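Okay, so here's the structure we're looking at.
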Amino acid sequence: MMNSPRRNEAGGEHNRIVEGTQLQGNIHSPGDIRIDGHVKGNLSVGGKLVVGPSGAVDGEVRAQEASIAGRVIGKLEIKGLTTLAQTANVQADLNTGKLAVETGAQFTGTCTMANRKTTATPADTVAAKKDEASAA
């Protein structure tokens, strides 16, 4: 008997590459996806990407959020939060909105955190005015 498909918060279905599965090619998923097997190719995920402890991804990844506990080699572009679990091994150029790294996670590469909304706080404004006054 087959289970009914799981749905994410946005109403889309979850996709899963189970442990022991090897997949070569590009994947486009409008919802969430969990990788416990090995994917060699590019991933475009409309929701959250989860790479489990036994999971591996070799390629370019675009997603809204990512939680990585396995191995990722390539390039990551994550709009929101990227979480690297204790067992994560990431060798990538990472561009993310926010980053959380657990103790023990391994990361080799570059990381750019893009703050999409930049606003000056009152303290920043006061400091800038003092710098301008001292320079004059």
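Chains: A, B, ... in order of the structure tokens. Residues: from 1 per chain. Ligands: from 1, in order shown.
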
Quick one: contact table of segment 10-62 of chain A to segment 69-85 of chain A, 12 Å max, nearest atom pair and distance in Å to one decimal per residue, counting only C-alpha atoms, chain and number order, as CSV?
```
residue,atom,partner,partner_atom,distance
A:Glu19,CA,A:Gly70,CA,11.5
A:Arg34,CA,A:Ala69,CA,11.0
A:Ile35,CA,A:Gly70,CA,8.9
A:Asp36,CA,A:Gly70,CA,8.2
A:Gly37,CA,A:Gly70,CA,9.8
A:His38,CA,A:Arg71,CA,9.2
A:Val39,CA,A:Val72,CA,9.6
A:Lys40,CA,A:Ile73,CA,9.6
A:Gly41,CA,A:Gly74,CA,9.6
A:Asn42,CA,A:Gly74,CA,9.2
A:Leu43,CA,A:Leu76,CA,9.5
A:Ser44,CA,A:Glu77,CA,9.7
A:Val45,CA,A:Ile78,CA,9.6
A:Gly46,CA,A:Lys79,CA,10.4
A:Gly47,CA,A:Ile78,CA,10.1
A:Lys48,CA,A:Ile78,CA,9.3
A:Leu49,CA,A:Ile78,CA,9.4
A:Val50,CA,A:Ala69,CA,7.9
A:Val51,CA,A:Gly70,CA,5.6
A:Gly52,CA,A:Ala69,CA,5.1
A:Pro53,CA,A:Gly70,CA,4.2
A:Ser54,CA,A:Gly70,CA,5.7
A:Gly55,CA,A:Gly70,CA,5.0
A:Ala56,CA,A:Arg71,CA,4.6
A:Val57,CA,A:Val72,CA,4.8
A:Asp58,CA,A:Ile73,CA,4.8
A:Gly59,CA,A:Gly74,CA,4.8
A:Glu60,CA,A:Lys75,CA,4.6
A:Val61,CA,A:Leu76,CA,4.8
A:Arg62,CA,A:Glu77,CA,4.8
```

Output C-alpha atoms of each residue in that selection to a file, as a PDB file, in the first residue's frame.
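Result file is result-v4.pdb:
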```
ATOM      1  CA  GLU A  19      19.332   6.507   0.419  1.00  0.00           C
ATOM      2  CA  ARG A  34      14.914  15.877   0.529  1.00  0.00           C
ATOM      3  CA  ILE A  35      18.072  14.163  -0.723  1.00  0.00           C
ATOM      4  CA  ASP A  36      19.274  11.053   1.123  1.00  0.00           C
ATOM      5  CA  GLY A  37      20.831   9.503  -1.998  1.00  0.00           C
ATOM      6  CA  HIS A  38      23.351  10.965  -4.459  1.00  0.00           C
ATOM      7  CA  VAL A  39      22.444  13.583  -7.061  1.00  0.00           C
ATOM      8  CA  LYS A  40      24.931  14.697  -9.712  1.00  0.00           C
ATOM      9  CA  GLY A  41      23.458  17.678 -11.526  1.00  0.00           C
ATOM     10  CA  ASN A  42      21.795  21.019 -10.937  1.00  0.00           C
ATOM     11  CA  LEU A  43      18.857  21.517  -8.571  1.00  0.00           C
ATOM     12  CA  SER A  44      16.251  24.269  -8.722  1.00  0.00           C
ATOM     13  CA  VAL A  45      14.015  24.088  -5.654  1.00  0.00           C
ATOM     14  CA  GLY A  46      11.029  26.377  -5.144  1.00  0.00           C
ATOM     15  CA  GLY A  47      10.908  25.527  -1.435  1.00  0.00           C
ATOM     16  CA  LYS A  48      13.355  24.026   1.038  1.00  0.00           C
ATOM     17  CA  LEU A  49      16.224  21.696   0.154  1.00  0.00           C
ATOM     18  CA  VAL A  50      17.184  19.141   2.801  1.00  0.00           C
ATOM     19  CA  VAL A  51      20.327  17.071   2.323  1.00  0.00           C
ATOM     20  CA  GLY A  52      20.270  14.274   4.887  1.00  0.00           C
ATOM     21  CA  PRO A  53      23.373  12.807   6.574  1.00  0.00           C
ATOM     22  CA  SER A  54      23.682  10.126   3.865  1.00  0.00           C
ATOM     23  CA  GLY A  55      22.848  12.564   1.053  1.00  0.00           C
ATOM     24  CA  ALA A  56      25.233  14.049  -1.496  1.00  0.00           C
ATOM     25  CA  VAL A  57      24.807  16.707  -4.163  1.00  0.00           C
ATOM     26  CA  ASP A  58      27.389  17.558  -6.837  1.00  0.00           C
ATOM     27  CA  GLY A  59      26.278  20.582  -8.844  1.00  0.00           C
ATOM     28  CA  GLU A  60      24.642  23.990  -8.691  1.00  0.00           C
ATOM     29  CA  VAL A  61      21.744  24.496  -6.297  1.00  0.00           C
ATOM     30  CA  ARG A  62      19.122  27.247  -6.147  1.00  0.00           C
TER      31      ARG A  62
END
```

Residues flagged strand (DSSP E) by DSSP in segment 65-121 of chain A, as a ChimeraX atom specification: /A:65-68,71-84,89-101,106-113

Could you turn the residues from that selection into a file that holds N, CA and C atoms, as a short mmCIF file (atom, residue, chain, number, x, y, z; two decimals), in the first residue's frame?
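Saved as part.cif:
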```cif
data_model
loop_
_atom_site.label_atom_id
_atom_site.label_comp_id
_atom_site.auth_asym_id
_atom_site.auth_seq_id
_atom_site.Cartn_x
_atom_site.Cartn_y
_atom_site.Cartn_z
N GLU A 65 15.35 27.91 0.85
CA GLU A 65 16.04 27.60 2.11
C GLU A 65 16.79 26.30 1.93
N ALA A 66 17.79 26.06 2.79
CA ALA A 66 18.53 24.80 2.73
C ALA A 66 18.95 24.37 4.12
N SER A 67 18.84 23.07 4.36
CA SER A 67 19.34 22.45 5.58
C SER A 67 20.22 21.29 5.14
N ILE A 68 21.50 21.39 5.46
CA ILE A 68 22.46 20.42 4.94
C ILE A 68 23.12 19.65 6.08
N ARG A 71 26.80 15.87 2.21
CA ARG A 71 27.88 16.46 1.42
C ARG A 71 27.32 17.23 0.23
N VAL A 72 27.83 18.44 0.04
CA VAL A 72 27.46 19.25 -1.13
C VAL A 72 28.73 19.82 -1.73
N ILE A 73 28.91 19.61 -3.04
CA ILE A 73 30.05 20.16 -3.76
C ILE A 73 29.50 20.94 -4.94
N GLY A 74 29.88 22.22 -5.06
CA GLY A 74 29.42 23.01 -6.19
C GLY A 74 29.16 24.45 -5.83
N LYS A 75 27.98 24.92 -6.21
CA LYS A 75 27.60 26.31 -5.99
C LYS A 75 26.20 26.33 -5.40
N LEU A 76 26.02 27.12 -4.33
CA LEU A 76 24.72 27.22 -3.67
C LEU A 76 24.23 28.65 -3.70
N GLU A 77 23.00 28.84 -4.15
CA GLU A 77 22.37 30.15 -4.09
C GLU A 77 21.04 29.97 -3.34
N ILE A 78 21.04 30.40 -2.07
CA ILE A 78 19.90 30.20 -1.19
C ILE A 78 19.37 31.57 -0.77
N LYS A 79 18.10 31.83 -1.05
CA LYS A 79 17.55 33.16 -0.76
C LYS A 79 17.39 33.42 0.73
N GLY A 80 16.99 32.44 1.47
CA GLY A 80 16.73 32.63 2.90
C GLY A 80 17.84 32.05 3.76
N LEU A 81 17.45 31.18 4.69
CA LEU A 81 18.36 30.60 5.67
C LEU A 81 19.03 29.33 5.13
N THR A 82 20.34 29.26 5.32
CA THR A 82 21.10 28.04 5.06
C THR A 82 21.61 27.53 6.39
N THR A 83 21.29 26.28 6.71
CA THR A 83 21.74 25.67 7.96
C THR A 83 22.70 24.54 7.63
N LEU A 84 23.90 24.59 8.22
CA LEU A 84 24.88 23.51 8.09
C LEU A 84 24.90 22.74 9.40
N ASN A 89 29.30 18.51 5.17
CA ASN A 89 30.59 18.69 4.52
C ASN A 89 30.29 19.44 3.22
N VAL A 90 30.55 20.74 3.22
CA VAL A 90 30.21 21.58 2.09
C VAL A 90 31.48 22.16 1.48
N GLN A 91 31.63 21.94 0.18
CA GLN A 91 32.74 22.51 -0.59
C GLN A 91 32.08 23.29 -1.72
N ALA A 92 31.86 24.58 -1.46
CA ALA A 92 31.03 25.33 -2.41
C ALA A 92 31.23 26.83 -2.28
N ASP A 93 30.76 27.52 -3.30
CA ASP A 93 30.59 28.96 -3.23
C ASP A 93 29.15 29.16 -2.81
N LEU A 94 28.97 29.77 -1.65
CA LEU A 94 27.64 29.91 -1.06
C LEU A 94 27.21 31.37 -1.06
N ASN A 95 26.03 31.62 -1.60
CA ASN A 95 25.40 32.93 -1.56
C ASN A 95 24.07 32.73 -0.85
N THR A 96 23.90 33.34 0.32
CA THR A 96 22.71 33.08 1.14
C THR A 96 22.24 34.33 1.85
N GLY A 97 20.99 34.33 2.26
CA GLY A 97 20.46 35.44 3.03
C GLY A 97 20.94 35.39 4.47
N LYS A 98 20.88 34.20 5.08
CA LYS A 98 21.31 34.00 6.47
C LYS A 98 22.02 32.66 6.55
N LEU A 99 22.93 32.54 7.52
CA LEU A 99 23.71 31.32 7.66
C LEU A 99 23.77 30.90 9.12
N ALA A 100 23.49 29.61 9.37
CA ALA A 100 23.62 29.02 10.70
C ALA A 100 24.53 27.80 10.57
N VAL A 101 25.58 27.74 11.38
CA VAL A 101 26.55 26.66 11.29
C VAL A 101 26.68 25.99 12.66
N GLN A 106 31.71 21.11 8.38
CA GLN A 106 32.90 21.44 7.59
C GLN A 106 32.48 22.26 6.38
N PHE A 107 33.12 23.42 6.22
CA PHE A 107 32.81 24.30 5.08
C PHE A 107 34.10 24.77 4.46
N THR A 108 34.25 24.53 3.16
CA THR A 108 35.40 25.02 2.39
C THR A 108 34.84 25.75 1.18
N GLY A 109 35.25 26.99 1.01
CA GLY A 109 34.77 27.77 -0.13
C GLY A 109 34.57 29.22 0.26
N THR A 110 33.70 29.89 -0.46
CA THR A 110 33.39 31.28 -0.15
C THR A 110 31.94 31.40 0.27
N CYS A 111 31.68 32.40 1.10
CA CYS A 111 30.31 32.64 1.55
C CYS A 111 30.01 34.12 1.42
N THR A 112 28.92 34.43 0.75
CA THR A 112 28.44 35.80 0.63
C THR A 112 27.05 35.83 1.22
N MET A 113 26.87 36.70 2.21
CA MET A 113 25.54 36.85 2.80
C MET A 113 24.94 38.13 2.27
#
```

Atom CA of Gln64 of chain A and atom CA of Ser29 of chain A, how far apart in Å? 11.4 Å

Given only C-alpha atoms as the counted atoms, nearest of A:Ala114, A:Ala105, A:Ile33, A:Ala63 to His14 of chain A: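 Nearest to His14 of chain A: A:Ile33.
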
Atom-to-atom span, atom CA of His28 of chain A and atom CA of Asn15 of chain A, Å: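 Atom-to-atom, atom CA of His28 of chain A and atom CA of Asn15 of chain A are spaced 10.5 Å apart.
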
What is the atom CA of Glu102 of chain A to atom CA of Gly20 of chain A distance in Å? 26.0 Å
